[in-house]
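**Student:** Quick one: this structure, given as structure tokens, is what I'll be asking you about.
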Amino acid sequence: MKIAVYAISKNEEKHVKRFCESAKEADLIVIADTGSEDNTVEEAKKHGAVVHSICINPFRFDVARNAALALVPTDVDVCVSMDLDEMLLPGWREELEKCWSEDI
């Protein structure tokens, strides 16, 4: 099973390390940055995320999240959408895999 964690960001430098570390069990971490003016992009890349710069104008969270989801490769089986100020608990991937079945 291939799992991606994805999020949108803007000026989330203070959260990005914790976010990426909590999601490290994912096969891919994708962040769609909507115009950060701090070190969010650099920190995210440093901690293993694939970062894309996007522009949503006028800004809408739903459109930004959909744009971020569109950046996840099509061979990913499960996508986990989060905010950068959230974190996954240790063992999250194992729990997800235990619940997974082909008919989901």
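Here, A, B, ... name the chains of the structure tokens in the order displayed, residue numbers run from 1 inside each chain, and ligands are numbered from 1 in the same displayed order.
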Could you go through chain A and tell me which residues DSSP, when run on the backbone, assigns to strand (DSSP E or B), listing them as a list in words?

**Tutor:** Ile3, Ala4, Val5, Tyr6, Ala7, Ile8, Ser9, Leu28, Ile29, Val30, Ile31, Ala32, Asp33, Val50, Val51, His52, Ser53, Val78, Cys79, Val80, Ser81, Met82 and Asp83 of chain A

**Student:** So which residues touch range 68-76 of chain A within 9 Å, counting only C-alpha atoms, skipping near sequence neighbours fewer than 2 positions away, as a PDB file with all heavy atoms, in the first residue's frame?

**Tutor:**
ATOM      1  N   MET A   1       0.851  -1.176   0.000  1.00  0.00           N
ATOM      2  CA  MET A   1       0.000   0.000   0.000  1.00  0.00           C
ATOM      3  C   MET A   1       0.897   1.240   0.000  1.00  0.00           C
ATOM      4  O   MET A   1       1.837   1.340   0.782  1.00  0.00           O
ATOM      5  CB  MET A   1      -0.883  -0.009   1.248  1.00  0.00           C
ATOM      6  CG  MET A   1      -1.613   1.272   1.485  1.00  0.00           C
ATOM      7  SD  MET A   1      -2.556   1.344   3.020  1.00  0.00           S
ATOM      8  CE  MET A   1      -3.509  -0.121   2.938  1.00  0.00           C
ATOM      9  N   LYS A   2       0.598   2.172  -0.868  1.00  0.00           N
ATOM     10  CA  LYS A   2       1.355   3.422  -0.943  1.00  0.00           C
ATOM     11  C   LYS A   2       0.496   4.538  -0.336  1.00  0.00           C
ATOM     12  O   LYS A   2      -0.626   4.763  -0.771  1.00  0.00           O
ATOM     13  CB  LYS A   2       1.726   3.736  -2.387  1.00  0.00           C
ATOM     14  CG  LYS A   2       2.724   4.861  -2.525  1.00  0.00           C
ATOM     15  CD  LYS A   2       3.263   4.933  -3.938  1.00  0.00           C
ATOM     16  CE  LYS A   2       4.336   5.998  -4.030  1.00  0.00           C
ATOM     17  NZ  LYS A   2       4.863   6.092  -5.386  1.00  0.00           N
ATOM     18  N   ILE A   3       1.063   5.218   0.659  1.00  0.00           N
ATOM     19  CA  ILE A   3       0.328   6.246   1.401  1.00  0.00           C
ATOM     20  C   ILE A   3       1.024   7.594   1.247  1.00  0.00           C
ATOM     21  O   ILE A   3       2.243   7.692   1.406  1.00  0.00           O
ATOM     22  CB  ILE A   3       0.230   5.889   2.893  1.00  0.00           C
ATOM     23  CG1 ILE A   3      -0.466   4.544   3.075  1.00  0.00           C
ATOM     24  CG2 ILE A   3      -0.490   6.994   3.669  1.00  0.00           C
ATOM     25  CD1 ILE A   3      -0.463   4.028   4.506  1.00  0.00           C
ATOM     26  N   ALA A   4       0.237   8.617   0.979  1.00  0.00           N
ATOM     27  CA  ALA A   4       0.743   9.990   0.927  1.00  0.00           C
ATOM     28  C   ALA A   4       0.011  10.827   1.969  1.00  0.00           C
ATOM     29  O   ALA A   4      -1.198  10.684   2.164  1.00  0.00           O
ATOM     30  CB  ALA A   4       0.534  10.593  -0.451  1.00  0.00           C
ATOM     31  N   VAL A   5       0.763  11.689   2.630  1.00  0.00           N
ATOM     32  CA  VAL A   5       0.194  12.706   3.510  1.00  0.00           C
ATOM     33  C   VAL A   5       0.372  14.021   2.767  1.00  0.00           C
ATOM     34  O   VAL A   5       1.460  14.315   2.263  1.00  0.00           O
ATOM     35  CB  VAL A   5       0.925  12.738   4.873  1.00  0.00           C
ATOM     36  CG1 VAL A   5       0.445  13.910   5.711  1.00  0.00           C
ATOM     37  CG2 VAL A   5       0.723  11.420   5.617  1.00  0.00           C
ATOM     38  N   TYR A   6      -0.706  14.804   2.684  1.00  0.00           N
ATOM     39  CA  TYR A   6      -0.591  16.061   1.951  1.00  0.00           C
ATOM     40  C   TYR A   6      -1.260  17.197   2.724  1.00  0.00           C
ATOM     41  O   TYR A   6      -2.134  16.979   3.554  1.00  0.00           O
ATOM     42  CB  TYR A   6      -1.159  15.939   0.535  1.00  0.00           C
ATOM     43  CG  TYR A   6      -2.660  15.864   0.445  1.00  0.00           C
ATOM     44  CD1 TYR A   6      -3.417  16.994   0.146  1.00  0.00           C
ATOM     45  CD2 TYR A   6      -3.334  14.661   0.657  1.00  0.00           C
ATOM     46  CE1 TYR A   6      -4.800  16.921   0.047  1.00  0.00           C
ATOM     47  CE2 TYR A   6      -4.709  14.582   0.558  1.00  0.00           C
ATOM     48  CZ  TYR A   6      -5.432  15.715   0.256  1.00  0.00           C
ATOM     49  OH  TYR A   6      -6.804  15.642   0.168  1.00  0.00           O
ATOM     50  N   ALA A   7      -0.780  18.415   2.434  1.00  0.00           N
ATOM     51  CA  ALA A   7      -1.280  19.590   3.144  1.00  0.00           C
ATOM     52  C   ALA A   7      -1.035  20.837   2.306  1.00  0.00           C
ATOM     53  O   ALA A   7      -0.225  20.835   1.383  1.00  0.00           O
ATOM     54  CB  ALA A   7      -0.583  19.729   4.487  1.00  0.00           C
ATOM     55  N   ILE A   8      -1.746  21.887   2.678  1.00  0.00           N
ATOM     56  CA  ILE A   8      -1.438  23.209   2.141  1.00  0.00           C
ATOM     57  C   ILE A   8      -0.713  23.976   3.238  1.00  0.00           C
ATOM     58  O   ILE A   8      -0.821  23.645   4.426  1.00  0.00           O
ATOM     59  CB  ILE A   8      -2.708  23.964   1.681  1.00  0.00           C
ATOM     60  CG1 ILE A   8      -3.700  24.155   2.825  1.00  0.00           C
ATOM     61  CG2 ILE A   8      -3.351  23.247   0.508  1.00  0.00           C
ATOM     62  CD1 ILE A   8      -4.907  25.014   2.472  1.00  0.00           C
ATOM     63  N   ASP A  27       4.780   7.128   2.544  1.00  0.00           N
ATOM     64  CA  ASP A  27       5.679   6.949   1.403  1.00  0.00           C
ATOM     65  C   ASP A  27       6.016   8.286   0.760  1.00  0.00           C
ATOM     66  O   ASP A  27       7.044   8.418   0.094  1.00  0.00           O
ATOM     67  CB  ASP A  27       5.028   6.018   0.376  1.00  0.00           C
ATOM     68  CG  ASP A  27       4.794   4.642   0.960  1.00  0.00           C
ATOM     69  OD1 ASP A  27       5.780   3.958   1.269  1.00  0.00           O
ATOM     70  OD2 ASP A  27       3.618   4.268   1.129  1.00  0.00           O
ATOM     71  N   LEU A  28       5.143   9.267   0.969  1.00  0.00           N
ATOM     72  CA  LEU A  28       5.321  10.571   0.344  1.00  0.00           C
ATOM     73  C   LEU A  28       4.627  11.633   1.189  1.00  0.00           C
ATOM     74  O   LEU A  28       3.510  11.417   1.656  1.00  0.00           O
ATOM     75  CB  LEU A  28       4.705  10.539  -1.059  1.00  0.00           C
ATOM     76  CG  LEU A  28       4.744  11.805  -1.902  1.00  0.00           C
ATOM     77  CD1 LEU A  28       6.183  12.162  -2.261  1.00  0.00           C
ATOM     78  CD2 LEU A  28       3.915  11.616  -3.167  1.00  0.00           C
ATOM     79  N   ILE A  29       5.306  12.752   1.376  1.00  0.00           N
ATOM     80  CA  ILE A  29       4.707  13.923   2.024  1.00  0.00           C
ATOM     81  C   ILE A  29       4.699  15.031   0.973  1.00  0.00           C
ATOM     82  O   ILE A  29       5.751  15.402   0.446  1.00  0.00           O
ATOM     83  CB  ILE A  29       5.512  14.372   3.260  1.00  0.00           C
ATOM     84  CG1 ILE A  29       5.587  13.248   4.291  1.00  0.00           C
ATOM     85  CG2 ILE A  29       4.896  15.641   3.868  1.00  0.00           C
ATOM     86  CD1 ILE A  29       6.563  13.524   5.442  1.00  0.00           C
ATOM     87  N   VAL A  30       3.513  15.530   0.671  1.00  0.00           N
ATOM     88  CA  VAL A  30       3.355  16.575  -0.341  1.00  0.00           C
ATOM     89  C   VAL A  30       2.793  17.823   0.333  1.00  0.00           C
ATOM     90  O   VAL A  30       1.775  17.752   1.027  1.00  0.00           O
ATOM     91  CB  VAL A  30       2.401  16.133  -1.472  1.00  0.00           C
ATOM     92  CG1 VAL A  30       2.183  17.264  -2.469  1.00  0.00           C
ATOM     93  CG2 VAL A  30       2.934  14.899  -2.168  1.00  0.00           C
ATOM     94  N   ILE A  31       3.457  18.944   0.119  1.00  0.00           N
ATOM     95  CA  ILE A  31       2.978  20.217   0.651  1.00  0.00           C
ATOM     96  C   ILE A  31       2.805  21.184  -0.515  1.00  0.00           C
ATOM     97  O   ILE A  31       3.719  21.377  -1.312  1.00  0.00           O
ATOM     98  CB  ILE A  31       3.954  20.792   1.694  1.00  0.00           C
ATOM     99  CG1 ILE A  31       4.030  19.853   2.900  1.00  0.00           C
ATOM    100  CG2 ILE A  31       3.526  22.206   2.110  1.00  0.00           C
ATOM    101  CD1 ILE A  31       5.050  20.261   3.947  1.00  0.00           C
ATOM    102  N   ALA A  32       1.616  21.759  -0.592  1.00  0.00           N
ATOM    103  CA  ALA A  32       1.326  22.791  -1.586  1.00  0.00           C
ATOM    104  C   ALA A  32       1.395  24.129  -0.867  1.00  0.00           C
ATOM    105  O   ALA A  32       0.523  24.462  -0.074  1.00  0.00           O
ATOM    106  CB  ALA A  32      -0.045  22.569  -2.204  1.00  0.00           C
ATOM    107  N   ASP A  33       2.452  24.868  -1.122  1.00  0.00           N
ATOM    108  CA  ASP A  33       2.655  26.144  -0.439  1.00  0.00           C
ATOM    109  C   ASP A  33       1.964  27.258  -1.212  1.00  0.00           C
ATOM    110  O   ASP A  33       2.132  27.392  -2.421  1.00  0.00           O
ATOM    111  CB  ASP A  33       4.143  26.454  -0.290  1.00  0.00           C
ATOM    112  CG  ASP A  33       4.353  27.668   0.578  1.00  0.00           C
ATOM    113  OD1 ASP A  33       4.251  27.537   1.815  1.00  0.00           O
ATOM    114  OD2 ASP A  33       4.586  28.756   0.016  1.00  0.00           O
ATOM    115  N   HIS A  52       5.402  22.045  -3.582  1.00  0.00           N
ATOM    116  CA  HIS A  52       4.992  22.722  -4.811  1.00  0.00           C
ATOM    117  C   HIS A  52       4.457  24.098  -4.424  1.00  0.00           C
ATOM    118  O   HIS A  52       3.736  24.227  -3.439  1.00  0.00           O
ATOM    119  CB  HIS A  52       3.868  21.948  -5.512  1.00  0.00           C
ATOM    120  CG  HIS A  52       4.248  20.572  -5.919  1.00  0.00           C
ATOM    121  ND1 HIS A  52       4.830  20.286  -7.129  1.00  0.00           N
ATOM    122  CD2 HIS A  52       4.116  19.380  -5.272  1.00  0.00           C
ATOM    123  CE1 HIS A  52       5.042  18.983  -7.216  1.00  0.00           C
ATOM    124  NE2 HIS A  52       4.621  18.416  -6.103  1.00  0.00           N
ATOM    125  N   ILE A  54       1.877  26.964  -5.200  1.00  0.00           N
ATOM    126  CA  ILE A  54       0.621  27.150  -5.920  1.00  0.00           C
ATOM    127  C   ILE A  54       0.076  28.542  -5.623  1.00  0.00           C
ATOM    128  O   ILE A  54       0.413  29.144  -4.607  1.00  0.00           O
ATOM    129  CB  ILE A  54      -0.431  26.071  -5.569  1.00  0.00           C
ATOM    130  CG1 ILE A  54      -0.850  26.150  -4.100  1.00  0.00           C
ATOM    131  CG2 ILE A  54       0.085  24.673  -5.924  1.00  0.00           C
ATOM    132  CD1 ILE A  54      -2.030  25.248  -3.736  1.00  0.00           C
ATOM    133  N   VAL A  63     -10.467  24.969  -2.638  1.00  0.00           N
ATOM    134  CA  VAL A  63      -9.757  24.972  -3.914  1.00  0.00           C
ATOM    135  C   VAL A  63      -8.275  24.659  -3.697  1.00  0.00           C
ATOM    136  O   VAL A  63      -7.672  23.877  -4.451  1.00  0.00           O
ATOM    137  CB  VAL A  63      -9.948  26.317  -4.644  1.00  0.00           C
ATOM    138  CG1 VAL A  63      -9.107  26.377  -5.913  1.00  0.00           C
ATOM    139  CG2 VAL A  63     -11.418  26.543  -4.961  1.00  0.00           C
ATOM    140  N   ALA A  64      -7.692  25.233  -2.650  1.00  0.00           N
ATOM    141  CA  ALA A  64      -6.279  24.964  -2.341  1.00  0.00           C
ATOM    142  C   ALA A  64      -6.066  23.497  -1.996  1.00  0.00           C
ATOM    143  O   ALA A  64      -5.107  22.871  -2.456  1.00  0.00           O
ATOM    144  CB  ALA A  64      -5.811  25.868  -1.207  1.00  0.00           C
ATOM    145  N   ARG A  65      -6.952  22.926  -1.193  1.00  0.00           N
ATOM    146  CA  ARG A  65      -6.826  21.500  -0.840  1.00  0.00           C
ATOM    147  C   ARG A  65      -6.985  20.606  -2.072  1.00  0.00           C
ATOM    148  O   ARG A  65      -6.280  19.616  -2.227  1.00  0.00           O
ATOM    149  CB  ARG A  65      -7.843  21.113   0.216  1.00  0.00           C
ATOM    150  CG  ARG A  65      -7.476  21.639   1.580  1.00  0.00           C
ATOM    151  CD  ARG A  65      -8.144  20.817   2.661  1.00  0.00           C
ATOM    152  NE  ARG A  65      -7.939  21.434   3.945  1.00  0.00           N
ATOM    153  CZ  ARG A  65      -6.823  21.337   4.656  1.00  0.00           C
ATOM    154  NH1 ARG A  65      -5.806  20.659   4.205  1.00  0.00           N
ATOM    155  NH2 ARG A  65      -6.720  21.928   5.826  1.00  0.00           N
ATOM    156  N   ASN A  66      -7.912  20.948  -2.943  1.00  0.00           N
ATOM    157  CA  ASN A  66      -8.074  20.175  -4.175  1.00  0.00           C
ATOM    158  C   ASN A  66      -6.831  20.282  -5.060  1.00  0.00           C
ATOM    159  O   ASN A  66      -6.423  19.301  -5.683  1.00  0.00           O
ATOM    160  CB  ASN A  66      -9.313  20.620  -4.935  1.00  0.00           C
ATOM    161  CG  ASN A  66     -10.593  20.200  -4.250  1.00  0.00           C
ATOM    162  OD1 ASN A  66     -10.603  19.302  -3.415  1.00  0.00           O
ATOM    163  ND2 ASN A  66     -11.687  20.872  -4.593  1.00  0.00           N
ATOM    164  N   VAL A  78      -3.669   5.595  -0.746  1.00  0.00           N
ATOM    165  CA  VAL A  78      -4.380   6.285   0.328  1.00  0.00           C
ATOM    166  C   VAL A  78      -3.768   7.669   0.511  1.00  0.00           C
ATOM    167  O   VAL A  78      -2.550   7.806   0.611  1.00  0.00           O
ATOM    168  CB  VAL A  78      -4.277   5.503   1.663  1.00  0.00           C
ATOM    169  CG1 VAL A  78      -4.946   6.266   2.795  1.00  0.00           C
ATOM    170  CG2 VAL A  78      -4.883   4.115   1.527  1.00  0.00           C
ATOM    171  N   CYS A  79      -4.630   8.687   0.571  1.00  0.00           N
ATOM    172  CA  CYS A  79      -4.195  10.070   0.794  1.00  0.00           C
ATOM    173  C   CYS A  79      -4.734  10.541   2.136  1.00  0.00           C
ATOM    174  O   CYS A  79      -5.926  10.410   2.406  1.00  0.00           O
ATOM    175  CB  CYS A  79      -4.732  10.981  -0.306  1.00  0.00           C
ATOM    176  SG  CYS A  79      -4.152  10.565  -1.946  1.00  0.00           S
ATOM    177  N   SER A  81      -5.172  13.889   4.297  1.00  0.00           N
ATOM    178  CA  SER A  81      -5.152  15.347   4.241  1.00  0.00           C
ATOM    179  C   SER A  81      -5.022  15.910   5.646  1.00  0.00           C
ATOM    180  O   SER A  81      -5.771  15.523   6.549  1.00  0.00           O
ATOM    181  CB  SER A  81      -6.444  15.857   3.595  1.00  0.00           C
ATOM    182  OG  SER A  81      -6.475  17.258   3.605  1.00  0.00           O
TER     183      SER A  81
END

**Student:** Could you tell me how far CA of Phe19 in chain A sits from CA of Leu84 in chain A, in Å to one decimal place?

**Tutor:** 5.7 Å

**Student:** Taking into account only C-alpha atoms, which residue in the set A:Glu12, A:Glu25, A:Glu37, A:Asp77 is nearest to Leu89 in chain A?

**Tutor:**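 Under the stated criterion, the closest residue is A:Glu25.
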
**Student:** Measuring between only C-alpha atoms, which one of A:Phe61, A:Ile56, A:Val80, A:Asp85 shows the shortest distance to Glu13 in chain A?

**Tutor:**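 Of the candidates, the smallest distance to Glu13 in chain A is held by A:Asp85.
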
**Student:** Using DSSP on the backbone coordinates, identify the residues of chain A assigned to helix (DSSP H, G or I); present them as an mmCIF file with N, CA and C atoms, in the first residue's frame.

**Tutor:**
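result-v8.cif written:
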data_model
loop_
_atom_site.group_PDB
_atom_site.id
_atom_site.type_symbol
_atom_site.label_atom_id
_atom_site.label_comp_id
_atom_site.auth_asym_id
_atom_site.auth_seq_id
_atom_site.Cartn_x
_atom_site.Cartn_y
_atom_site.Cartn_z
ATOM 1 N N GLU A 13 6.411 27.829 9.100
ATOM 2 C CA GLU A 13 7.774 27.424 9.463
ATOM 3 C C GLU A 13 7.842 26.781 10.846
ATOM 4 N N LYS A 14 7.106 27.323 11.803
ATOM 5 C CA LYS A 14 7.196 26.823 13.177
ATOM 6 C C LYS A 14 6.573 25.436 13.350
ATOM 7 N N HIS A 15 5.750 24.996 12.402
ATOM 8 C CA HIS A 15 5.081 23.703 12.519
ATOM 9 C C HIS A 15 5.654 22.624 11.606
ATOM 10 N N VAL A 16 6.386 23.002 10.589
ATOM 11 C CA VAL A 16 6.715 22.072 9.512
ATOM 12 C C VAL A 16 7.583 20.900 9.970
ATOM 13 N N LYS A 17 8.542 21.107 10.825
ATOM 14 C CA LYS A 17 9.411 20.009 11.271
ATOM 15 C C LYS A 17 8.583 18.951 12.014
ATOM 16 N N ARG A 18 7.778 19.382 12.965
ATOM 17 C CA ARG A 18 6.954 18.449 13.740
ATOM 18 C C ARG A 18 5.980 17.701 12.830
ATOM 19 N N PHE A 19 5.373 18.430 11.900
ATOM 20 C CA PHE A 19 4.453 17.814 10.942
ATOM 21 C C PHE A 19 5.149 16.724 10.138
ATOM 22 N N CYS A 20 6.284 17.050 9.536
ATOM 23 C CA CYS A 20 7.002 16.088 8.692
ATOM 24 C C CYS A 20 7.478 14.888 9.500
ATOM 25 N N GLU A 21 7.955 15.118 10.702
ATOM 26 C CA GLU A 21 8.403 14.005 11.537
ATOM 27 C C GLU A 21 7.249 13.080 11.892
ATOM 28 N N SER A 22 6.074 13.639 12.148
ATOM 29 C CA SER A 22 4.929 12.793 12.495
ATOM 30 C C SER A 22 4.427 11.993 11.296
ATOM 31 N N THR A 40 9.175 28.292 5.431
ATOM 32 C CA THR A 40 8.362 27.077 5.360
ATOM 33 C C THR A 40 8.838 26.139 4.263
ATOM 34 N N VAL A 41 9.024 26.645 3.066
ATOM 35 C CA VAL A 41 9.388 25.806 1.925
ATOM 36 C C VAL A 41 10.735 25.134 2.163
ATOM 37 N N GLU A 42 11.711 25.888 2.582
ATOM 38 C CA GLU A 42 13.047 25.340 2.815
ATOM 39 C C GLU A 42 13.025 24.288 3.921
ATOM 40 N N GLU A 43 12.321 24.570 5.004
ATOM 41 C CA GLU A 43 12.234 23.625 6.120
ATOM 42 C C GLU A 43 11.520 22.352 5.702
ATOM 43 N N ALA A 44 10.455 22.489 4.938
ATOM 44 C CA ALA A 44 9.706 21.316 4.490
ATOM 45 C C ALA A 44 10.584 20.424 3.612
ATOM 46 N N LYS A 45 11.305 21.008 2.692
ATOM 47 C CA LYS A 45 12.201 20.230 1.838
ATOM 48 C C LYS A 45 13.295 19.574 2.667
ATOM 49 N N LYS A 46 13.821 20.302 3.628
ATOM 50 C CA LYS A 46 14.875 19.779 4.505
ATOM 51 C C LYS A 46 14.398 18.554 5.280
ATOM 52 N N PHE A 61 -9.963 27.723 0.821
ATOM 53 C CA PHE A 61 -9.359 26.510 1.355
ATOM 54 C C PHE A 61 -9.718 25.285 0.531
ATOM 55 N N ASP A 62 -10.971 25.166 0.118
ATOM 56 C CA ASP A 62 -11.373 23.976 -0.627
ATOM 57 C C ASP A 62 -10.643 23.876 -1.959
ATOM 58 N N VAL A 63 -10.467 24.969 -2.638
ATOM 59 C CA VAL A 63 -9.757 24.972 -3.914
ATOM 60 C C VAL A 63 -8.275 24.659 -3.697
ATOM 61 N N ALA A 64 -7.692 25.233 -2.650
ATOM 62 C CA ALA A 64 -6.279 24.964 -2.341
ATOM 63 C C ALA A 64 -6.066 23.497 -1.996
ATOM 64 N N ARG A 65 -6.952 22.926 -1.193
ATOM 65 C CA ARG A 65 -6.826 21.500 -0.840
ATOM 66 C C ARG A 65 -6.985 20.606 -2.072
ATOM 67 N N ASN A 66 -7.912 20.948 -2.943
ATOM 68 C CA ASN A 66 -8.074 20.175 -4.175
ATOM 69 C C ASN A 66 -6.831 20.282 -5.060
ATOM 70 N N ALA A 67 -6.243 21.463 -5.115
ATOM 71 C CA ALA A 67 -5.008 21.644 -5.890
ATOM 72 C C ALA A 67 -3.878 20.809 -5.289
ATOM 73 N N ALA A 68 -3.804 20.756 -3.973
ATOM 74 C CA ALA A 68 -2.780 19.946 -3.305
ATOM 75 C C ALA A 68 -2.997 18.466 -3.595
ATOM 76 N N LEU A 69 -4.232 18.014 -3.525
ATOM 77 C CA LEU A 69 -4.540 16.615 -3.821
ATOM 78 C C LEU A 69 -4.166 16.266 -5.261
ATOM 79 N N ALA A 70 -4.362 17.186 -6.163
ATOM 80 C CA ALA A 70 -4.024 16.945 -7.571
ATOM 81 C C ALA A 70 -2.519 16.760 -7.773
ATOM 82 N N TRP A 92 0.494 5.369 13.443
ATOM 83 C CA TRP A 92 -0.687 5.681 12.645
ATOM 84 C C TRP A 92 -0.775 4.817 11.388
ATOM 85 N N ARG A 93 0.370 4.569 10.760
ATOM 86 C CA ARG A 93 0.336 3.798 9.505
ATOM 87 C C ARG A 93 -0.095 2.355 9.770
ATOM 88 N N GLU A 94 0.433 1.758 10.801
ATOM 89 C CA GLU A 94 0.063 0.386 11.141
ATOM 90 C C GLU A 94 -1.443 0.276 11.398
ATOM 91 N N GLU A 95 -2.000 1.250 12.109
ATOM 92 C CA GLU A 95 -3.445 1.246 12.374
ATOM 93 C C GLU A 95 -4.246 1.390 11.085
ATOM 94 N N LEU A 96 -3.796 2.258 10.213
ATOM 95 C CA LEU A 96 -4.484 2.440 8.932
ATOM 96 C C LEU A 96 -4.443 1.146 8.124
ATOM 97 N N GLU A 97 -3.278 0.512 8.075
ATOM 98 C CA GLU A 97 -3.141 -0.722 7.292
ATOM 99 C C GLU A 97 -3.993 -1.851 7.872
ATOM 100 N N LYS A 98 -4.143 -1.897 9.185
ATOM 101 C CA LYS A 98 -4.980 -2.924 9.806
ATOM 102 C C LYS A 98 -6.451 -2.754 9.396
ATOM 103 N N CYS A 99 -6.882 -1.536 9.201
ATOM 104 C CA CYS A 99 -8.278 -1.254 8.849
ATOM 105 C C CYS A 99 -8.547 -1.385 7.354
#
